[in-house]
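Okay, protein-v5.cif now, which holds mmCIF, C-alpha atoms:
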```cif
data_final
loop_
_atom_site.label_atom_id
_atom_site.label_comp_id
_atom_site.auth_asym_id
_atom_site.auth_seq_id
_atom_site.Cartn_x
_atom_site.Cartn_y
_atom_site.Cartn_z
CA ALA A 1 -14.30 28.44 30.96
CA ASP A 2 -11.99 28.58 27.97
CA GLY A 3 -10.02 31.57 29.27
CA LYS A 4 -11.52 33.97 26.68
CA THR A 5 -13.74 36.97 27.45
CA ASP A 6 -17.36 36.59 26.31
CA LEU A 7 -20.23 39.12 26.16
CA ALA A 8 -23.82 38.85 27.45
CA VAL A 9 -26.37 41.43 26.20
CA ALA A 10 -29.91 41.95 27.59
CA ASN A 11 -32.21 42.73 24.64
CA TYR A 12 -34.85 45.02 26.23
CA GLY A 13 -38.17 44.47 24.45
CA GLY A 14 -36.77 41.49 22.58
CA GLY A 15 -37.55 38.89 25.22
CA ASN A 16 -34.09 37.30 25.03
CA VAL A 17 -30.43 37.54 26.00
CA SER A 18 -27.61 37.36 23.41
CA ILE A 19 -24.37 35.51 24.20
CA LEU A 20 -21.35 36.39 22.04
CA LEU A 21 -18.40 34.07 22.66
CA GLY A 22 -14.93 35.57 22.51
CA ASN A 23 -12.51 34.37 19.82
CA GLY A 24 -9.47 35.31 21.89
CA ASN A 25 -8.23 37.83 19.31
CA GLY A 26 -10.39 40.86 20.11
CA THR A 27 -13.34 39.63 18.02
CA LEU A 28 -16.59 37.91 18.96
CA ALA A 29 -18.47 35.00 17.44
CA ALA A 30 -21.99 35.43 16.09
CA ALA A 31 -24.66 35.99 18.76
CA VAL A 32 -26.70 33.09 20.10
CA ASN A 33 -30.04 34.14 21.66
CA TYR A 34 -31.66 32.59 24.74
CA THR A 35 -35.26 33.33 25.77
CA SER A 36 -35.81 35.27 29.05
CA GLY A 37 -38.53 37.69 30.32
CA ALA A 38 -40.35 40.15 28.01
CA ASN A 39 -38.11 43.14 28.79
CA PRO A 40 -34.71 41.99 30.10
CA SER A 41 -32.72 44.95 31.39
CA SER A 42 -29.58 43.59 33.03
CA VAL A 43 -27.62 40.38 33.52
CA THR A 44 -25.19 38.91 36.02
CA THR A 45 -23.38 35.58 36.34
CA GLY A 46 -22.98 33.04 39.12
CA ASP A 47 -23.01 29.35 39.94
CA PHE A 48 -26.60 29.26 41.15
CA ASN A 49 -26.98 25.49 41.35
CA ARG A 50 -23.42 24.85 42.63
CA ASP A 51 -22.40 22.49 39.80
CA GLY A 52 -19.15 24.31 39.02
CA LYS A 53 -20.51 25.90 35.83
CA THR A 54 -21.32 29.55 35.17
CA ASP A 55 -25.07 30.35 34.99
CA LEU A 56 -26.86 33.59 34.01
CA ALA A 57 -29.39 35.72 35.97
CA VAL A 58 -31.57 38.16 33.97
CA ALA A 59 -33.65 41.00 35.57
CA ASP A 60 -37.00 41.69 33.83
CA MET A 61 -38.49 45.27 33.85
CA SER A 62 -41.84 44.33 32.35
CA GLY A 63 -43.65 44.94 35.68
CA SER A 64 -43.52 41.31 36.69
CA ASN A 65 -40.63 41.87 39.11
CA ASN A 66 -39.16 38.55 37.92
CA VAL A 67 -35.58 37.39 37.62
CA SER A 68 -34.89 34.64 35.07
CA ILE A 69 -32.17 32.08 35.87
CA LEU A 70 -30.56 30.43 32.83
CA ILE A 71 -28.81 27.27 34.04
CA ASN A 72 -25.67 26.26 32.13
CA SER A 73 -26.44 22.78 30.77
CA ALA A 74 -23.08 22.25 29.08
CA SER A 75 -20.98 19.31 30.20
CA ALA A 76 -18.34 20.21 32.74
CA LEU A 77 -14.94 20.81 31.21
CA SER A 78 -12.48 18.04 31.93
CA THR A 79 -9.43 18.64 34.09
CA ALA A 80 -7.61 15.58 32.66
CA LYS A 81 -4.14 16.37 31.33
CA ALA A 82 -1.92 13.27 31.53
CA ILE A 83 0.50 11.85 28.94
CA THR A 84 -0.45 8.19 28.48
CA GLY A 85 1.89 7.20 25.65
CA PHE A 86 5.13 8.53 24.14
CA THR A 87 6.96 6.46 21.47
CA PHE A 88 9.41 6.89 18.59
CA PRO A 89 9.87 4.91 15.35
CA GLY A 90 12.54 2.24 15.88
CA GLN A 91 12.19 2.26 19.65
CA THR A 92 13.38 -1.08 21.02
CA GLY A 93 12.28 -0.77 24.64
CA SER A 94 9.20 0.43 26.48
CA THR A 95 8.45 4.00 27.56
CA THR A 96 8.47 4.75 31.29
CA ILE A 97 5.96 7.40 32.37
CA ASN A 98 6.21 8.54 36.01
CA GLU A 99 2.93 10.32 36.69
CA GLY A 100 3.97 11.35 40.18
CA ALA A 101 7.12 13.12 38.97
CA HIS A 102 5.58 13.99 35.57
CA THR A 103 8.53 12.54 33.64
CA VAL A 104 8.81 10.41 30.51
CA ALA A 105 11.88 8.21 29.84
CA VAL A 106 12.60 6.56 26.48
CA THR A 107 15.57 4.39 25.48
CA MET A 108 16.65 4.32 21.82
CA PRO A 109 19.07 1.89 20.12
CA ASN A 110 22.79 2.48 20.00
CA GLY A 111 23.84 5.02 17.40
CA THR A 112 20.40 6.64 17.03
CA ASP A 113 20.46 10.26 15.89
CA VAL A 114 18.32 11.99 18.53
CA THR A 115 18.43 15.47 16.99
CA ALA A 116 15.22 15.05 14.96
CA LEU A 117 13.15 12.29 16.54
CA VAL A 118 9.41 12.34 15.80
CA PRO A 119 7.27 11.19 18.75
CA THR A 120 3.79 9.71 18.71
CA ILE A 121 2.00 11.03 21.81
CA THR A 122 -1.27 9.98 23.40
CA HIS A 123 -2.80 12.00 26.24
CA THR A 124 -6.04 12.70 28.11
CA GLY A 125 -6.04 16.47 27.60
CA ALA A 126 -7.37 18.76 24.91
CA SER A 127 -3.94 19.35 23.37
CA VAL A 128 -0.23 18.81 23.82
CA SER A 129 2.66 21.09 22.88
CA PRO A 130 4.91 20.41 21.04
CA ALA A 131 2.35 18.35 19.11
CA SER A 132 2.47 14.63 18.37
CA GLY A 133 4.16 13.90 15.02
CA VAL A 134 6.42 16.97 15.15
CA GLY A 135 10.19 16.37 15.09
CA HIS A 136 12.29 17.62 17.99
CA ASP A 137 15.88 17.61 19.22
CA PHE A 138 16.19 15.32 22.24
CA THR A 139 19.88 15.86 22.88
CA THR A 140 18.77 17.37 26.20
CA PRO A 141 15.55 16.75 28.18
CA GLN A 142 12.54 18.47 26.65
CA THR A 143 9.34 19.85 28.17
CA TYR A 144 5.92 18.83 26.84
CA THR A 145 2.83 20.65 28.10
CA VAL A 146 -0.62 19.04 28.18
CA THR A 147 -3.58 21.43 28.32
CA ALA A 148 -6.89 20.19 29.77
CA GLU A 149 -10.34 21.20 28.52
CA ASP A 150 -10.64 23.59 31.45
CA ALA A 151 -7.39 25.30 30.30
CA SER A 152 -5.32 23.99 33.22
CA ILE A 153 -1.89 22.66 32.23
CA GLN A 154 0.64 20.02 33.24
CA ASP A 155 4.30 19.96 32.16
CA TYR A 156 6.20 16.72 31.54
CA THR A 157 9.98 16.36 31.20
CA VAL A 158 10.92 13.92 28.41
CA THR A 159 14.38 12.33 28.51
CA VAL A 160 15.79 10.16 25.69
CA THR A 161 18.68 7.81 26.46
CA VAL A 162 20.73 6.04 23.78
CA ASP A 163 21.48 2.39 24.57
CA ALA A 164 25.18 1.63 24.85
CA THR A 165 24.64 -1.78 23.16
CA ASP A 166 24.95 -1.74 19.34
CA ILE A 167 21.86 -3.51 17.99
CA PHE A 168 23.73 -4.31 14.75
CA LEU A 169 27.00 -5.57 16.26
CA ALA A 170 25.94 -9.22 16.73
CA LYS A 171 24.77 -9.44 13.11
CA TRP A 172 27.92 -7.75 11.84
CA ASN A 173 30.00 -10.29 13.74
CA ALA A 174 27.87 -13.21 12.51
CA LEU A 175 28.55 -12.07 8.94
CA GLY A 176 32.28 -12.04 9.66
CA GLY A 177 32.41 -8.27 9.19
CA ALA A 178 31.27 -8.59 5.55
CA PRO A 179 29.23 -5.33 5.64
CA GLY A 180 32.49 -3.45 6.25
CA ASN A 181 32.85 -0.23 8.20
CA SER A 182 29.77 1.81 9.05
CA THR A 183 29.20 4.98 7.02
CA GLY A 184 26.46 6.51 9.15
CA VAL A 185 24.54 6.37 12.39
CA ALA A 186 21.59 4.12 13.27
CA THR A 187 18.46 5.81 11.96
CA ALA A 188 14.99 5.15 13.32
CA ILE A 189 12.24 4.53 10.75
CA ALA A 190 8.65 3.31 10.90
CA GLY A 191 8.85 -0.31 12.03
CA GLY A 192 12.59 -0.50 12.57
CA ILE A 193 16.09 0.95 12.34
CA TYR A 194 18.75 0.92 9.63
CA LYS A 195 22.46 1.62 9.46
CA ASN A 196 24.58 2.04 6.32
CA TYR A 197 27.90 0.27 5.79
CA VAL A 198 30.50 0.23 3.04
CA ASN A 199 29.05 -3.02 1.70
CA GLY A 200 25.33 -2.56 2.11
CA ARG A 201 22.78 -1.77 4.78
CA LEU A 202 21.67 -3.54 7.95
CA TYR A 203 18.01 -3.32 8.94
CA TRP A 204 16.46 -4.16 12.27
CA ASN A 205 12.83 -5.15 11.66
CA GLN A 206 10.78 -4.46 14.76
CA SER A 207 8.04 -6.94 13.82
CA THR A 208 10.49 -9.86 13.67
CA ASP A 209 13.04 -8.43 16.12
CA THR A 210 15.77 -9.51 13.69
CA VAL A 211 18.58 -7.76 11.80
CA TYR A 212 18.91 -8.42 8.04
CA TRP A 213 21.63 -7.52 5.52
CA VAL A 214 20.64 -6.03 2.15
CA HIS A 215 23.51 -5.46 -0.28
CA GLY A 216 24.80 -5.59 -3.84
CA ALA A 217 22.48 -5.53 -6.83
CA ILE A 218 19.46 -6.33 -4.65
CA LEU A 219 20.12 -3.21 -2.56
CA ILE A 220 20.28 -1.10 -5.74
CA LYS A 221 16.87 -2.42 -6.88
CA TYR A 222 15.47 -2.00 -3.35
CA ASP A 223 16.49 1.65 -3.30
CA GLN A 224 15.05 2.19 -6.80
CA LYS A 225 11.69 0.90 -5.57
CA GLY A 226 11.53 3.25 -2.60
CA ARG A 227 13.46 1.15 -0.05
CA GLU A 228 11.68 0.73 3.30
CA THR A 229 8.98 3.32 2.55
CA GLY A 230 8.16 1.81 -0.86
CA ALA A 231 5.88 -1.07 -1.79
CA LEU A 232 8.44 -3.69 -0.72
CA GLY A 233 8.62 -2.51 2.89
CA LEU A 234 11.23 -3.82 5.31
CA PRO A 235 13.39 -6.92 4.71
CA VAL A 236 12.37 -10.20 6.33
CA SER A 237 15.33 -12.30 5.20
CA ASP A 238 19.00 -12.09 4.40
CA GLU A 239 20.11 -12.71 0.82
CA LEU A 240 19.52 -16.41 0.01
CA ASP A 241 20.56 -18.74 -2.81
CA VAL A 242 17.76 -19.46 -5.28
CA VAL A 243 16.96 -23.17 -5.26
CA GLY A 244 17.61 -24.75 -8.63
CA ILE A 245 19.33 -21.69 -10.21
CA THR A 246 23.12 -21.74 -9.86
CA GLY A 247 24.53 -18.35 -8.85
CA ALA A 248 21.13 -16.67 -8.41
CA VAL A 249 20.08 -15.00 -5.13
CA GLU A 250 16.93 -13.57 -3.60
CA SER A 251 15.88 -11.41 -0.66
CA ASP A 252 12.42 -11.37 0.90
CA PHE A 253 10.57 -8.25 2.05
CA THR A 254 7.23 -7.63 3.71
CA GLY A 255 5.74 -6.63 0.34
CA GLY A 256 7.50 -8.96 -2.08
CA ARG A 257 10.79 -10.47 -3.21
CA ILE A 258 13.82 -9.32 -5.23
CA TYR A 259 15.71 -11.77 -7.46
CA TRP A 260 19.13 -11.41 -9.06
CA GLY A 261 20.66 -13.86 -11.49
CA PRO A 262 23.75 -14.00 -13.74
CA SER A 263 23.01 -12.63 -17.23
CA VAL A 264 19.47 -11.81 -16.08
CA GLY A 265 19.67 -8.78 -13.84
CA THR A 266 17.62 -7.75 -10.82
CA TYR A 267 13.82 -7.73 -10.70
CA TYR A 268 11.18 -7.82 -8.01
CA ILE A 269 7.83 -9.56 -7.57
CA SER A 270 5.17 -7.92 -5.42
CA THR A 271 3.19 -9.90 -2.88
CA GLY A 272 -0.12 -10.68 -4.60
CA ALA A 273 -1.75 -12.78 -7.30
CA ILE A 274 1.31 -12.97 -9.57
CA MET A 275 3.62 -13.98 -6.72
CA THR A 276 1.11 -16.61 -5.59
CA ARG A 277 0.91 -18.16 -9.08
CA TYR A 278 4.68 -17.99 -9.55
CA LEU A 279 5.43 -19.88 -6.36
CA ALA A 280 2.55 -22.34 -6.78
CA GLY A 281 3.86 -23.23 -10.24
CA GLY A 282 7.34 -24.01 -8.98
CA GLY A 283 8.90 -20.54 -8.88
CA PRO A 284 12.34 -20.06 -10.47
CA ALA A 285 12.94 -23.80 -10.92
CA ALA A 286 9.88 -24.10 -13.19
CA PHE A 287 9.33 -20.65 -14.73
CA GLY A 288 12.87 -19.29 -14.49
CA LEU A 289 13.84 -15.98 -12.93
CA PRO A 290 11.91 -12.76 -13.53
CA ILE A 291 13.16 -10.81 -16.56
CA SER A 292 10.95 -7.78 -15.90
CA ASP A 293 9.32 -6.06 -12.98
CA GLU A 294 5.54 -6.30 -12.72
CA TYR A 295 3.87 -3.93 -15.21
CA THR A 296 0.41 -2.65 -16.19
CA ALA A 297 -1.33 -4.52 -19.02
CA TRP A 298 -4.79 -3.33 -20.05
CA ASP A 299 -6.93 -3.46 -16.89
CA GLY A 300 -4.57 -5.79 -15.06
CA ARG A 301 -0.94 -6.61 -14.39
CA ALA A 302 1.68 -8.89 -15.93
CA GLN A 303 5.25 -10.05 -15.41
CA ASN A 304 7.69 -11.84 -17.68
CA MET A 305 9.82 -14.76 -16.51
CA GLN A 306 12.53 -16.62 -18.41
CA ARG A 307 10.12 -19.41 -19.40
CA ALA A 308 6.67 -17.95 -18.82
CA THR A 309 4.56 -14.81 -18.66
CA LEU A 310 2.10 -14.40 -15.80
CA THR A 311 -0.99 -12.22 -16.19
CA TRP A 312 -3.65 -11.06 -13.74
CA ASP A 313 -6.81 -9.11 -14.55
CA GLY A 314 -6.85 -7.10 -11.30
CA THR A 315 -10.01 -8.77 -9.94
CA ALA A 316 -10.64 -11.59 -7.49
CA ASN A 317 -9.52 -14.03 -10.20
CA PRO A 318 -6.11 -15.68 -9.82
CA ALA A 319 -3.14 -14.98 -12.07
CA TYR A 320 -2.53 -17.35 -15.00
CA ALA A 321 0.69 -18.62 -16.62
CA VAL A 322 1.41 -18.65 -20.36
CA TYR A 323 4.38 -20.77 -21.49
CA GLY A 324 5.81 -23.07 -24.16
CA GLY A 325 4.74 -22.83 -27.80
CA ILE A 326 1.67 -20.81 -26.88
CA LEU A 327 3.88 -18.20 -25.19
CA VAL A 328 5.91 -17.87 -28.41
CA LYS A 329 2.75 -16.96 -30.35
CA TYR A 330 1.47 -14.75 -27.53
CA ASN A 331 4.67 -12.73 -27.57
CA MET A 332 4.60 -12.46 -31.39
CA LEU A 333 1.21 -10.78 -31.01
CA GLY A 334 2.40 -8.32 -28.36
CA GLY A 335 2.06 -10.38 -25.19
CA PRO A 336 -0.05 -9.02 -22.32
CA THR A 337 -0.22 -5.53 -23.84
CA GLY A 338 -0.99 -6.83 -27.34
CA ALA A 339 -4.10 -7.80 -29.29
CA LEU A 340 -5.01 -10.89 -27.25
CA HIS A 341 -4.94 -8.95 -23.94
CA LEU A 342 -4.73 -11.08 -20.76
CA ALA A 343 -5.06 -14.81 -20.15
CA THR A 344 -8.42 -15.94 -18.77
CA GLY A 345 -7.37 -19.43 -17.75
CA GLU A 346 -4.51 -21.89 -17.54
CA GLU A 347 -3.16 -23.78 -20.57
CA MET A 348 -5.06 -27.07 -20.98
CA ASP A 349 -5.47 -30.10 -23.24
CA VAL A 350 -7.76 -29.58 -26.23
CA PRO A 351 -10.80 -31.82 -25.68
CA GLY A 352 -10.99 -34.52 -28.33
CA VAL A 353 -7.59 -33.76 -29.92
CA THR A 354 -4.74 -35.84 -28.55
CA GLY A 355 -1.53 -33.90 -27.87
CA ALA A 356 -3.01 -30.46 -28.60
CA ARG A 357 -3.01 -27.59 -26.10
CA VAL A 358 -4.98 -24.34 -25.81
CA SER A 359 -4.87 -21.13 -23.78
CA ALA A 360 -7.82 -18.73 -23.59
CA PHE A 361 -7.32 -14.98 -23.65
CA GLN A 362 -9.66 -12.01 -23.41
CA ASN A 363 -9.59 -11.57 -27.21
CA GLY A 364 -9.25 -15.11 -28.53
CA ASN A 365 -7.61 -18.50 -28.12
CA VAL A 366 -4.15 -19.79 -29.01
CA TYR A 367 -3.91 -23.47 -30.06
CA TRP A 368 -0.72 -25.54 -30.27
CA SER A 369 0.22 -29.03 -31.43
CA MET A 370 3.41 -30.63 -32.69
CA ALA A 371 1.87 -31.02 -36.15
CA THR A 372 0.39 -27.52 -36.56
CA GLY A 373 2.50 -25.24 -34.36
CA SER A 374 0.76 -22.40 -32.50
CA HIS A 375 -1.95 -20.22 -34.05
CA THR A 376 -4.58 -17.83 -32.81
CA VAL A 377 -8.29 -17.74 -33.57
CA ASN A 378 -10.22 -14.63 -32.60
CA GLY A 379 -13.10 -12.29 -33.42
CA GLY A 380 -16.02 -13.39 -35.56
CA ILE A 381 -14.06 -16.33 -36.94
CA PHE A 382 -13.53 -17.61 -33.38
CA VAL A 383 -17.27 -17.34 -32.71
CA ARG A 384 -18.10 -19.39 -35.84
CA TYR A 385 -15.29 -21.89 -35.06
CA THR A 386 -16.72 -22.47 -31.59
CA MET A 387 -20.26 -22.85 -32.94
CA PHE A 388 -19.00 -25.39 -35.49
CA GLY A 389 -17.40 -27.52 -32.77
CA GLY A 390 -13.88 -26.13 -32.55
CA PRO A 391 -10.77 -28.34 -32.86
CA ALA A 392 -12.76 -31.59 -32.42
CA SER A 393 -14.94 -30.73 -35.42
CA ALA A 394 -14.30 -31.60 -39.07
CA LEU A 395 -12.15 -28.46 -39.38
CA GLY A 396 -9.49 -29.63 -36.91
CA LEU A 397 -6.84 -27.27 -35.50
CA PRO A 398 -5.88 -23.91 -37.01
CA ILE A 399 -2.82 -23.95 -39.30
CA THR A 400 -2.63 -20.17 -39.82
CA ASP A 401 -3.46 -17.05 -37.89
CA GLU A 402 -6.25 -14.90 -39.28
CA TYR A 403 -5.13 -13.14 -42.49
CA PRO A 404 -6.79 -10.46 -44.65
CA LEU A 405 -8.51 -11.07 -48.02
CA ALA A 406 -8.68 -8.44 -50.78
CA LEU A 407 -12.49 -8.19 -50.94
CA ASN A 408 -14.63 -5.06 -50.99
CA GLY A 409 -15.70 -3.94 -47.53
CA GLY A 410 -13.04 -5.94 -45.71
CA ALA A 411 -12.56 -9.65 -45.28
CA ALA A 412 -10.38 -12.15 -43.40
CA ARG A 413 -9.81 -15.89 -43.26
CA SER A 414 -8.30 -18.53 -40.99
CA ALA A 415 -7.11 -21.85 -42.41
CA PHE A 416 -7.60 -25.11 -40.51
CA GLN A 417 -6.36 -28.66 -41.03
CA HIS A 418 -9.44 -29.51 -43.07
CA GLY A 419 -10.94 -26.26 -44.24
CA PHE A 420 -11.38 -22.55 -43.85
CA ILE A 421 -13.53 -20.02 -42.01
CA THR A 422 -14.03 -16.81 -43.94
CA TRP A 423 -15.42 -13.48 -42.75
CA TRP A 424 -16.61 -10.87 -45.26
CA ALA A 425 -18.24 -7.69 -44.02
CA PRO A 426 -21.32 -7.84 -46.32
CA TYR A 427 -22.07 -11.53 -45.62
CA GLY A 428 -20.65 -12.43 -42.20
CA THR A 429 -18.78 -15.73 -41.64
CA TRP A 430 -19.03 -19.15 -43.27
CA VAL A 431 -17.25 -22.51 -43.10
CA ASP A 432 -15.64 -24.45 -45.96
CA VAL A 433 -14.66 -28.04 -45.13
CA ILE A 434 -12.27 -29.74 -47.51
#
```
Rendering of file as structure tokens:
Amino acid sequence: ADGKTDLAVANYGGGNVSILLGNGNGTLAAAVNYTSGANPSSVTTGDFNRDGKTDLAVADMSGSNNVSILINSASALSTAKAITGFTFPGQTGSTTINEGAHTVAVTMPNGTDVTALVPTITHTGASVSPASGVGHDFTTPQTYTVTAEDASIQDYTVTVTVDATDIFLAKWNALGGAPGNSTGVATAIAGGIYKNYVNGRLYWNQSTDTVYWVHGAILIKYDQKGRETGALGLPVSDELDVVGITGAVESDFTGGRIYWGPSVGTYYISTGAIMTRYLAGGGPAAFGLPISDEYTAWDGRAQNMQRATLTWDGTANPAYAVYGGILVKYNMLGGPTGALHLATGEEMDVPGVTGARVSAFQNGNVYWSMATGSHTVNGGIFVRYTMFGGPASALGLPITDEYPLALNGGAARSAFQHGFITWWAPYGTWVDVI
């Protein structure tokens, strides 16, 4: 009952009947055989059990004088063909579906361009035409046809009305007209609507039912990062002053935050581990403003602030902050993309050494004290240093980074307050306490 012509063939001597379903283009699908009498000679169709489905009767010429009835066991084809949902991105009101009149009415915000709206359609039929997700011009009422499984159809008339109330006008007035004159029409997007003005862009966020203003340097960065379809998503705040940073501003988005500051520029922080650590550590007031966007570092991510660098290894671990004298050394060695790789913990006091600090990294430690400055210990020398007792041992804190020695096969040494650790390829590492 799909409206296509099929073929039934009695296979005399074969003991079966072949059914070849029509493809609707003059060709047939591969035969499917059904067992009947030994020598089927002819076939006819009918609804022999009165269930609304077509069955098959097969005459057998084998001398048995039998007729085989093949009952159609397929599920009955559905007659359902109703539109149950019809929505557009940025729609502010509900959709009215009148099943009796077979009409659909949708109201869109003031200024919406209705010439290329893309509907999302739900229905009970087998298909709908034009299809869901296909743009259409709704300047005039449009007809949508739902086809049921049994090939019956139902037409619906869809009418789109543009609201006379400007969704952005109240916000524009609240801002004292600061956005300036509009330079375009309201445009529906996934999750909201936007409208461009001389001095920025107003967004209506459907999830918060609020209009926000994005403008200036923050708007430039927002557009560079893909605007509403990028990682930042839609705005969830107006531009705000940054607490503790004179002249700096920020705007919040569903996927992060953009900062701008005098003599700093504009950078964003994505929602995630780095943002969590940044805010937990005091944000701009403690770490300063971002001076880079988030970037890839080895197997993780990192971001530079005015007074810190935050690193995250991309796992369930939190992000860690590197700052102060240890950050100076870390940056001298290439920072998050350099030899030490990423931080594996927060800066902490050195056990047993008053006033000293240490940060652990994937490829070594950096130690700092007022007396010694900041130095790194890594590789085989770090292993021996740890085995010997580290900073609390007789060696004390490092007073140099590792440096090469001119010995055959390769050698290196680190100097400490009270000795040395030397590595030489033929002999390994050893400690000299002085």
Residues matched by the PyMOL selection byres ((chain A and resi 421-424) around 10) as a PDB file with C-alpha atoms, in the frame of the given file:
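As written to disk, selection-v1.pdb reads:
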```pdb
ATOM      1  CA  GLY A 379     -13.100 -12.290 -33.420  1.00  0.00           C
ATOM      2  CA  GLY A 380     -16.020 -13.390 -35.560  1.00  0.00           C
ATOM      3  CA  ILE A 381     -14.060 -16.330 -36.940  1.00  0.00           C
ATOM      4  CA  PHE A 382     -13.530 -17.610 -33.380  1.00  0.00           C
ATOM      5  CA  ARG A 384     -18.100 -19.390 -35.840  1.00  0.00           C
ATOM      6  CA  TYR A 385     -15.290 -21.890 -35.060  1.00  0.00           C
ATOM      7  CA  LEU A 395     -12.150 -28.460 -39.380  1.00  0.00           C
ATOM      8  CA  PRO A 398      -5.880 -23.910 -37.010  1.00  0.00           C
ATOM      9  CA  GLU A 402      -6.250 -14.900 -39.280  1.00  0.00           C
ATOM     10  CA  TYR A 403      -5.130 -13.140 -42.490  1.00  0.00           C
ATOM     11  CA  PRO A 404      -6.790 -10.460 -44.650  1.00  0.00           C
ATOM     12  CA  LEU A 405      -8.510 -11.070 -48.020  1.00  0.00           C
ATOM     13  CA  ALA A 406      -8.680  -8.440 -50.780  1.00  0.00           C
ATOM     14  CA  LEU A 407     -12.490  -8.190 -50.940  1.00  0.00           C
ATOM     15  CA  ASN A 408     -14.630  -5.060 -50.990  1.00  0.00           C
ATOM     16  CA  GLY A 409     -15.700  -3.940 -47.530  1.00  0.00           C
ATOM     17  CA  GLY A 410     -13.040  -5.940 -45.710  1.00  0.00           C
ATOM     18  CA  ALA A 411     -12.560  -9.650 -45.280  1.00  0.00           C
ATOM     19  CA  ALA A 412     -10.380 -12.150 -43.400  1.00  0.00           C
ATOM     20  CA  ARG A 413      -9.810 -15.890 -43.260  1.00  0.00           C
ATOM     21  CA  SER A 414      -8.300 -18.530 -40.990  1.00  0.00           C
ATOM     22  CA  ALA A 415      -7.110 -21.850 -42.410  1.00  0.00           C
ATOM     23  CA  PHE A 416      -7.600 -25.110 -40.510  1.00  0.00           C
ATOM     24  CA  GLY A 419     -10.940 -26.260 -44.240  1.00  0.00           C
ATOM     25  CA  PHE A 420     -11.380 -22.550 -43.850  1.00  0.00           C
ATOM     26  CA  ALA A 425     -18.240  -7.690 -44.020  1.00  0.00           C
ATOM     27  CA  PRO A 426     -21.320  -7.840 -46.320  1.00  0.00           C
ATOM     28  CA  TYR A 427     -22.070 -11.530 -45.620  1.00  0.00           C
ATOM     29  CA  GLY A 428     -20.650 -12.430 -42.200  1.00  0.00           C
ATOM     30  CA  THR A 429     -18.780 -15.730 -41.640  1.00  0.00           C
ATOM     31  CA  TRP A 430     -19.030 -19.150 -43.270  1.00  0.00           C
ATOM     32  CA  VAL A 431     -17.250 -22.510 -43.100  1.00  0.00           C
ATOM     33  CA  ASP A 432     -15.640 -24.450 -45.960  1.00  0.00           C
ATOM     34  CA  VAL A 433     -14.660 -28.040 -45.130  1.00  0.00           C
TER      35      VAL A 433
END
```
Run through the PyMOL selection byres ((chain A and resi 197) around 6) on the given coordinates and return the selected residues as a PDB file with C-alpha atoms, in the coordinates of the input.
```pdb
ATOM      1  CA  PRO A 179      29.230  -5.330   5.640  1.00  0.00           C
ATOM      2  CA  GLY A 180      32.490  -3.450   6.250  1.00  0.00           C
ATOM      3  CA  ASN A 181      32.850  -0.230   8.200  1.00  0.00           C
ATOM      4  CA  SER A 182      29.770   1.810   9.050  1.00  0.00           C
ATOM      5  CA  THR A 183      29.200   4.980   7.020  1.00  0.00           C
ATOM      6  CA  ASN A 196      24.580   2.040   6.320  1.00  0.00           C
ATOM      7  CA  VAL A 198      30.500   0.230   3.040  1.00  0.00           C
ATOM      8  CA  ASN A 199      29.050  -3.020   1.700  1.00  0.00           C
ATOM      9  CA  GLY A 200      25.330  -2.560   2.110  1.00  0.00           C
ATOM     10  CA  ARG A 201      22.780  -1.770   4.780  1.00  0.00           C
TER      11      ARG A 201
END
```
Taking all atoms listed in the file into account, name the residue in A:Thr161, A:Ser292, A:Thr145, A:Asn304 that is nearest to Asn110 of chain A.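 Smallest distance to Asn110 of chain A is found for A:Thr161.
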At most 12 Å is the cut-off: for each residue in segment 25-116 of chain A with any atom that close to an atom of segment 207-222 of chain A, write down the nearest atom pair and the distance in Å rounded to one decimal, counting all atoms listed in the file, chain first then increasing number, as JSON lines.
```
{"residue": "A:Gly90", "atom": "CA", "partner": "A:Ser207", "partner_atom": "CA", "distance": 10.4}
{"residue": "A:Gln91", "atom": "CA", "partner": "A:Asp209", "partner_atom": "CA", "distance": 11.3}
{"residue": "A:Thr92", "atom": "CA", "partner": "A:Asp209", "partner_atom": "CA", "distance": 8.8}
{"residue": "A:Gly93", "atom": "CA", "partner": "A:Asp209", "partner_atom": "CA", "distance": 11.5}
```
Kindly resolve the PyMOL selection byres ((chain A and resi 319) around 12) on the present coordinates and return the residues as a PyMOL selection string. chain A and resi 272-281+300-303+309-318+320-322+342-346
I'd like the neighbourhood of Ala105 of chain A as a compact mmCIF listing (two decimals) with C-alpha atoms, keeping the file's coordinate frame, where a residue qualifies if any of its atoms comes within 9 Å (using only C-alpha atoms), though same-chain residues fewer than 3 positions away should be ignored.
```txt
# COMPACT_ATOMS: atom_id res chain seq x y z
CA PHE A 86 5.13 8.53 24.14
CA SER A 94 9.20 0.43 26.48
CA THR A 95 8.45 4.00 27.56
CA THR A 96 8.47 4.75 31.29
CA ILE A 97 5.96 7.40 32.37
CA ASN A 98 6.21 8.54 36.01
CA THR A 157 9.98 16.36 31.20
CA VAL A 158 10.92 13.92 28.41
CA THR A 159 14.38 12.33 28.51
CA VAL A 160 15.79 10.16 25.69
CA THR A 161 18.68 7.81 26.46
```
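Distance check against Gly233 of chain A using all atoms listed in the file: of A:Gly255, A:Gly176, A:Pro40, A:Pro351, the minimum falls on A:Gly255.
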What is the atom CA of Arg257 of chain A to atom CA of Leu232 of chain A distance in Å?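 Between these atoms lies a distance of 7.6 Å.
Atom pair atom CA of Ile434 of chain A / atom CA of Asp349 of chain A: separated by 25.2 Å.
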Quick one: residues within 10 Å of Val353 of chain A, only C-alpha atoms, excluding same-chain residues fewer than 4 positions away - as a list in words?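 Skipping anything fewer than 4 positions along the chain leaves Asp349, Arg357, Ser369, Pro391, Ala392, Ser393, Gly396 and Leu397 of chain A.
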